[in-house]
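Enquirer: Next comes model-v6.cif, mmCIF, C-alpha atoms:
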data_input
#
loop_
_atom_site.label_atom_id
_atom_site.label_comp_id
_atom_site.auth_asym_id
_atom_site.auth_seq_id
_atom_site.Cartn_x
_atom_site.Cartn_y
_atom_site.Cartn_z
CA MET S 1 68.56 119.62 167.92
CA VAL S 2 70.37 122.71 169.12
CA GLY S 3 69.77 124.10 172.56
CA PRO S 4 71.30 125.34 175.77
CA ALA S 5 73.08 122.58 177.68
CA CYS S 6 70.84 123.15 180.70
CA SER S 7 67.74 122.33 178.60
CA ILE S 8 68.88 118.87 177.41
CA TYR S 9 67.86 116.12 179.82
CA ASP S 10 67.94 112.95 177.74
CA LEU S 11 70.40 111.87 175.06
CA THR S 12 68.69 108.64 173.97
CA GLU S 13 67.46 110.14 170.68
CA PHE S 14 70.86 111.55 169.67
CA ASP S 15 73.30 109.94 167.25
CA ALA S 16 76.14 112.37 168.05
CA VAL S 17 76.75 115.37 170.30
CA VAL S 18 78.68 118.62 169.98
CA VAL S 19 79.17 120.42 173.28
CA VAL S 20 80.13 124.08 172.89
CA GLY S 21 81.42 126.18 175.75
CA ALA S 22 82.74 129.69 175.92
CA LEU S 23 86.13 130.13 177.55
CA TYR S 24 86.49 132.71 180.26
CA ALA S 25 89.78 132.99 182.13
CA ASN S 26 90.77 129.55 180.73
CA ARG S 27 87.65 127.96 182.19
CA TRP S 28 84.92 126.41 180.08
CA HIS S 29 81.42 127.76 180.62
CA ARG S 30 79.78 126.26 183.71
CA ASP S 31 76.75 124.92 181.79
CA ALA S 32 79.00 123.02 179.35
CA ARG S 33 81.02 121.51 182.23
CA ARG S 34 77.85 120.51 184.08
CA PHE S 35 76.34 119.00 180.93
CA VAL S 36 79.36 116.74 180.40
CA ARG S 37 79.44 115.69 184.05
CA ARG S 38 75.67 115.07 184.21
CA HIS S 39 75.61 113.01 181.00
CA THR S 40 79.00 111.25 181.23
CA ALA S 41 77.58 107.73 180.90
CA ALA S 42 75.47 108.57 177.84
CA LEU S 43 78.23 110.64 176.21
CA ARG S 44 80.64 107.70 176.48
CA GLN S 45 78.28 105.77 174.19
CA LEU S 46 78.08 108.47 171.49
CA PRO S 47 80.48 110.23 169.17
CA VAL S 48 81.13 113.56 170.90
CA TRP S 49 83.09 116.63 169.89
CA LEU S 50 83.93 119.50 172.21
CA VAL S 51 84.15 123.08 171.00
CA SER S 52 85.68 126.02 172.84
CA SER S 53 85.00 129.61 171.88
CA GLY S 54 87.05 132.33 173.34
CA THR S 55 90.39 133.37 171.96
CA LEU S 56 90.40 137.15 171.80
CA ASP S 57 92.58 137.30 168.71
CA ASP S 58 92.75 135.55 165.36
CA SER S 59 95.10 132.76 166.49
CA ALA S 60 92.39 130.08 166.17
CA GLU S 61 92.22 130.81 162.42
CA HIS S 62 95.93 130.09 161.94
CA ARG S 63 96.60 127.04 164.11
CA ASP S 64 94.93 124.38 166.18
CA ILE S 65 94.65 125.45 169.79
CA ALA S 66 94.80 122.68 172.34
CA PRO S 67 91.95 122.43 174.81
CA THR S 68 92.51 123.95 178.22
CA LYS S 69 93.49 121.50 180.94
CA GLN S 70 89.91 121.50 182.23
CA VAL S 71 88.40 120.76 178.80
CA ALA S 72 91.04 118.09 178.07
CA LYS S 73 90.11 116.34 181.32
CA LEU S 74 86.42 116.34 180.35
CA ALA S 75 87.25 115.13 176.83
CA ASN S 76 89.23 112.24 178.31
CA ARG S 77 86.42 111.47 180.75
CA ILE S 78 83.92 110.86 177.93
CA GLY S 79 86.28 109.70 175.18
CA ALA S 80 85.55 112.68 172.95
CA CYS S 81 86.30 112.25 169.24
CA GLY S 82 87.85 115.68 169.02
CA HIS S 83 88.08 119.27 170.12
CA VAL S 84 88.35 122.58 168.31
CA THR S 85 88.80 126.15 169.51
CA PHE S 86 87.30 129.10 167.65
CA GLY S 87 87.79 132.79 168.15
CA GLY S 88 85.50 134.46 170.63
CA ARG S 89 83.79 137.77 171.16
CA LEU S 90 84.06 140.36 173.91
CA SER S 91 81.59 143.19 173.93
CA PRO S 92 82.97 146.69 174.50
CA HIS S 93 80.11 147.04 177.00
CA ALA S 94 81.07 143.96 179.06
CA THR S 95 80.34 144.26 182.75
CA GLY S 96 81.92 142.73 185.82
CA PHE S 97 85.53 142.31 186.68
CA PRO S 98 87.74 141.38 184.82
CA ALA S 99 85.57 141.45 181.64
CA ALA S 100 85.01 145.22 181.79
CA ALA S 101 88.72 145.84 182.25
CA MET S 102 89.61 143.47 179.40
CA ALA S 103 87.01 145.09 177.14
CA LYS S 104 88.90 148.40 177.28
CA THR S 105 91.75 146.89 175.24
CA GLN S 106 90.49 143.55 173.88
CA ALA S 107 86.88 144.15 172.81
CA GLY S 108 86.06 142.67 169.44
CA ASP S 109 84.66 139.73 167.54
CA TRP S 110 87.06 137.02 166.34
CA ARG S 111 84.42 134.45 165.35
CA ASP S 112 85.47 133.48 161.82
CA GLN S 113 82.37 132.16 160.03
CA ALA S 114 84.43 130.53 157.26
CA HIS S 115 86.55 128.65 159.83
CA ILE S 116 83.44 127.52 161.69
CA ARG S 117 81.69 126.47 158.46
CA SER S 118 84.75 124.48 157.37
CA TRP S 119 84.84 122.64 160.70
CA VAL S 120 81.11 121.88 160.51
CA GLU S 121 81.55 120.47 157.00
CA SER S 122 84.39 118.20 158.17
CA PHE S 123 82.34 117.16 161.21
CA VAL S 124 79.34 116.24 159.01
CA ALA S 125 81.59 114.31 156.61
CA GLU S 126 83.02 112.33 159.51
CA LEU S 127 79.54 111.53 160.81
CA GLU S 128 78.49 110.37 157.34
CA SER S 129 81.60 108.21 157.11
CA ARG S 130 80.87 106.67 160.50
CA GLU S 131 77.28 105.98 159.47
CA ALA S 132 78.37 104.36 156.19
CA ALA S 133 80.82 102.10 158.09
CA ARG S 134 78.16 100.83 160.49
CA PRO S 135 76.97 97.28 159.81
#
Would you mind writing the structure in this file as structure tokens?
Expert:
Amino acid sequence: MVGPACSIYDLTEFDAVVVVGALYANRWHRDARRFVRRHTAALRQLPVWLVSSGTLDDSAEHRDIAPTKQVAKLANRIGACGHVTFGGRLSPHATGFPAAAMAKTQAGDWRDQAHIRSWVESFVAELESREAARP
């Protein structure tokens, strides 16, 4: 199942979870943070990966980017299996401060579909390996 974090109320039917949050000013999206906090007990019982989207350049394609301090704290809280950062997107029509100011010089789309697809393939392979190792 794929859905907004605010629409998921029960994790009992899940075998694994990927929580994705956009980064804005080095802070993970509020809904992603709330989801992890609200479901901490259940997430501790499942394999969980955290994903950040937000670098406004192609650096995520060339090297692993450590989670922000906030995301690292949440990952530790639930015992996450891993974290990955992907490039983000900033619309040239962004509104609000500082997004509108940033958009004047940093607007663009750095979401690399091949990088994302490669991570998904490795994630699926790890889940399959975990499933095969279960008694």
Enquirer: Expanded to explicit residues, what is the PyMOL selection byres ((chain S and resi 108-112) around 10) for this file, as a tab-separated table (two decimals) with C-alpha atoms, keeping the file's coordinate frame?
Expert:
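Okay, selection_10.tsv is ready:
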chain	number	residue	atom	x	y	z
S	53	SER	CA	85.00	129.61	171.88
S	54	GLY	CA	87.05	132.33	173.34
S	55	THR	CA	90.39	133.37	171.96
S	56	LEU	CA	90.40	137.15	171.80
S	57	ASP	CA	92.58	137.30	168.71
S	58	ASP	CA	92.75	135.55	165.36
S	59	SER	CA	95.10	132.76	166.49
S	60	ALA	CA	92.39	130.08	166.17
S	61	GLU	CA	92.22	130.81	162.42
S	86	PHE	CA	87.30	129.10	167.65
S	87	GLY	CA	87.79	132.79	168.15
S	88	GLY	CA	85.50	134.46	170.63
S	89	ARG	CA	83.79	137.77	171.16
S	90	LEU	CA	84.06	140.36	173.91
S	91	SER	CA	81.59	143.19	173.93
S	92	PRO	CA	82.97	146.69	174.50
S	103	ALA	CA	87.01	145.09	177.14
S	105	THR	CA	91.75	146.89	175.24
S	106	GLN	CA	90.49	143.55	173.88
S	107	ALA	CA	86.88	144.15	172.81
S	113	GLN	CA	82.37	132.16	160.03
S	114	ALA	CA	84.43	130.53	157.26
S	115	HIS	CA	86.55	128.65	159.83
S	116	ILE	CA	83.44	127.52	161.69
S	117	ARG	CA	81.69	126.47	158.46
Enquirer: Here is a test: counting all atoms listed in the file, which residue of S:Arg134, S:His39, S:His83, S:Lys73 is nearest to Val20 of chain S?
Expert: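 Selected residue with least distance to Val20 of chain S: S:His83.
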Enquirer: Quick one, how far is atom CA of Ala32 of chain S from atom CA of Met102 of chain S?
Expert: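 So the answer is 23.0 Å.
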Enquirer: Tell me, as a PyMOL selection string, which residues lie within 9 Å of Tyr24 of chain S, counting all atoms listed in the file; anything in the same chain fewer than 3 positions away does not count.
Expert: chain S and resi 27-29+54+99
Enquirer: Just say which residues the PyMOL selection byres ((chain S and resi 6-10) around 12) picks in this file, as a list in words.
Expert: Met1, Val2, Gly3, Pro4, Ala5, Leu11, Thr12, Glu13, Phe14, Val17, Val19, His29, Arg30, Asp31, Ala32, Arg33, Arg34, Phe35, Val36, Arg37, Arg38, His39, Thr40, Ala41, Ala42 and Leu43 of chain S
Enquirer: Just the residues within 8 Å of Pro47 of chain S, please, counting all atoms listed in the file, with nothing from its chain fewer than 3 positions along; format it as a list in words.
Expert: Asp15, Ala16, Val17, Leu43, Arg44, Ala80 and Cys81 of chain S
Enquirer: For atom CA of Ile78 of chain S and atom CA of Val48 of chain S, determine how far apart the two atoms are, in Å to one decimal place.
Expert: 8.0 Å
Enquirer: From the set S:Pro98, S:Gly21, S:Pro67, S:Gly82, which residue has the shortest atom-to-atom contact distance to Trp119 of chain S, counting all atoms listed in the file?
Expert: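 Checking each candidate against Trp119 of chain S, we get S:Gly82 as the closest.
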Enquirer: Out of S:Leu127, S:Trp49, S:Gly96, S:Val18, which residue has the shortest atom-to-atom distance to Asn76 of chain S when counting only C-alpha atoms?
Expert: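 Closest to Asn76 of chain S, using only C-alpha atoms: S:Trp49.
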Enquirer: Go ahead and fit an axis-aligned box to every listed atom of segment 23-37 of chain S plus 3 Å each side, and pass me the centre and edge lengths in Å, one decimal, as JSON.
Expert:
{"center_x": 83.6, "center_y": 124.3, "center_z": 180.8, "size_x": 20.4, "size_y": 23.3, "size_z": 12.5}
Enquirer: So how many Å separate atom CA of Ala75 of chain S and atom CA of Ser122 of chain S, to one decimal?
Expert: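 Atom CA of Ala75 of chain S sits 19.1 Å away from atom CA of Ser122 of chain S.
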